[in-house]
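Take a look at the structure set out below.
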Amino acid sequence: MACGVGRCLSVPLMVINFIFYFIAACIAGWALNRLIDGSNIGNSATRYFVPLALIASMVGLASVFSGTHHVRVFRNDSLSAAHATALIAWLLTLLAMGLGAKEIHMGGPRTKRLKVLEALMIILSLFELLYLLTLHAGICGSRYGPTNGNTATGTGVGGAKGANYGTPAATAV
């Protein structure tokens, strides 16, 4: 299984997510710095949107790093860690997207960077969902992702041999 659904679709999505989350983290860091300095860069929803966008971006980057580890080792334990991190990142991105939509709805003066951050959170909610679905394809079964054991070689979890290998314990005694 050199290139199953999980690997072939996850890698491009991880690259896209990494680039978008990195840009969103940089813009959110800039906006948070401006908010701390007391500059008025947006409306009243900005002070709630910017920290949540920064947190969502950092957790999104963590999901990309966890996914990279999973693609490298491609085992069940790394799959569950990557899936859990991606789920948390998607939910936080959805929260940031909701606040970004509220900020757009409220209107008022907003900087171009803040508008880009709002758009990135909306776009990232879709790409993180697609990435989460490709990871979920690995959970569905052996056809799409890793399994607990390789039935062709008789090895199970941790390299243990199958039931038909060697002398049974009762006859060895």
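Chain labels run A, B, ... following the order of the structure tokens; each chain numbers its residues from 1, and ligands are numbered from 1 in the order shown.
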Checklist entry - Hey, what's within 10 Å of Asn43 (chain A) if we count only C-alpha atoms and toss same-chain stuff fewer than 6 positions away? As an MDAnalysis selection string, please? => result chainID A and resid 103:104 106:110
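We find CA of Ile41 (chain A) and CA of Phe20 (chain A) to be spaced 21.5 Å apart.
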Checklist entry - Using only C-alpha atoms, which residues sit within 9 Å of Ala45 (chain A) once same-chain residues fewer than 3 positions away are excluded, as a VMD selection string? => result chain A and resid 42 48 to 50 99 to 100 102 to 103 106
Next, the residues of the selection above should be written as a PDB file, in the first residue's frame with N, CA and C atoms.
```
ATOM      1  N   GLY A  42     -10.343  47.227  13.706  1.00  0.00           N
ATOM      2  CA  GLY A  42     -11.591  46.595  13.293  1.00  0.00           C
ATOM      3  C   GLY A  42     -12.740  47.030  14.168  1.00  0.00           C
ATOM      4  N   TYR A  48     -12.366  39.565  19.918  1.00  0.00           N
ATOM      5  CA  TYR A  48     -12.661  38.152  20.188  1.00  0.00           C
ATOM      6  C   TYR A  48     -12.172  37.259  19.051  1.00  0.00           C
ATOM      7  N   PHE A  49     -12.230  37.790  17.843  1.00  0.00           N
ATOM      8  CA  PHE A  49     -11.876  36.994  16.666  1.00  0.00           C
ATOM      9  C   PHE A  49     -10.377  36.730  16.577  1.00  0.00           C
ATOM     10  N   VAL A  50      -9.560  37.741  16.818  1.00  0.00           N
ATOM     11  CA  VAL A  50      -8.117  37.625  16.589  1.00  0.00           C
ATOM     12  C   VAL A  50      -7.463  36.587  17.503  1.00  0.00           C
ATOM     13  N   LEU A  99     -16.808  33.613  14.180  1.00  0.00           N
ATOM     14  CA  LEU A  99     -16.526  34.976  14.640  1.00  0.00           C
ATOM     15  C   LEU A  99     -16.103  35.874  13.482  1.00  0.00           C
ATOM     16  N   GLY A 100     -15.403  35.320  12.518  1.00  0.00           N
ATOM     17  CA  GLY A 100     -15.046  36.096  11.330  1.00  0.00           C
ATOM     18  C   GLY A 100     -16.279  36.483  10.532  1.00  0.00           C
ATOM     19  N   LYS A 102     -19.244  36.884  11.814  1.00  0.00           N
ATOM     20  CA  LYS A 102     -19.907  37.928  12.612  1.00  0.00           C
ATOM     21  C   LYS A 102     -19.227  39.274  12.400  1.00  0.00           C
ATOM     22  N   GLU A 103     -17.911  39.273  12.321  1.00  0.00           N
ATOM     23  CA  GLU A 103     -17.167  40.506  12.093  1.00  0.00           C
ATOM     24  C   GLU A 103     -17.487  41.088  10.717  1.00  0.00           C
ATOM     25  N   MET A 106     -21.026  42.583  10.902  1.00  0.00           N
ATOM     26  CA  MET A 106     -21.104  43.845  11.640  1.00  0.00           C
ATOM     27  C   MET A 106     -20.600  45.018  10.799  1.00  0.00           C
TER      28      MET A 106
END
```
Item to check | From A:Thr68, A:Asn33, A:Asn40, A:Thr134, residue lying nearest Val15 (chain A) [only C-alpha atoms] | outcome: A:Thr68
Next on the checklist: DSSP on the backbone: which residues in region 29-110 of chain A end up as helix (DSSP H, G or I)? Give the answer as a VMD selection string.
Outcome noted: chain A and resid 29 to 37 46 to 73 76 to 106
Next on the checklist: I need the residue nearest Ala24 (chain A) from this list: A:Ile122, A:Leu9, A:Val73, A:Ile36. Use only C-alpha atoms for the distance.
Outcome noted: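 Residue with the minimum atom-to-atom distance to Ala24 (chain A): A:Ile122.
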Next on the checklist: Using only C-alpha atoms, can you tell me which of A:Leu130, A:Cys26, A:Met97, A:Leu117 comes closest to Met58 (chain A)?
Outcome noted: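 Of A:Leu130, A:Cys26, A:Met97, A:Leu117, the one nearest Met58 (chain A) is A:Cys26, counting only C-alpha atoms.
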Next on the checklist: Which residues are near Gly67 (chain A)? Cut-off 9 Å, only C-alpha atoms, ignore same chain within fewer than 4 positions. Put them as a PyMOL selection string.
Outcome noted: chain A and resi 10-11+14+62-63+71-72+78-79+81-83+85-86+135
Next on the checklist: Counting only C-alpha atoms, which residue out of A:Leu132, A:Ala137, A:Thr111, A:Arg7 sits closest to His70 (chain A)?
Outcome noted: A:Arg7
Checklist entry - Using only C-alpha atoms, which residues sit within 10 Å of Leu95 (chain A) once same-chain residues fewer than 3 positions away are excluded, as a PyMOL selection string? => result chain A and resi 49+52-53+56+89-92+98-101+121+125
Checklist outcome for this item: Closest of A:Cys8, A:Ala28, A:Leu13, A:Val59 to Arg113 (chain A), counting only C-alpha atoms, is A:Ala28
Checklist entry - Which one of A:Leu120, A:Leu87, A:Ile55, A:Leu114 sits closest to Leu133 (chain A) if you count only C-alpha atoms? => result A:Leu87
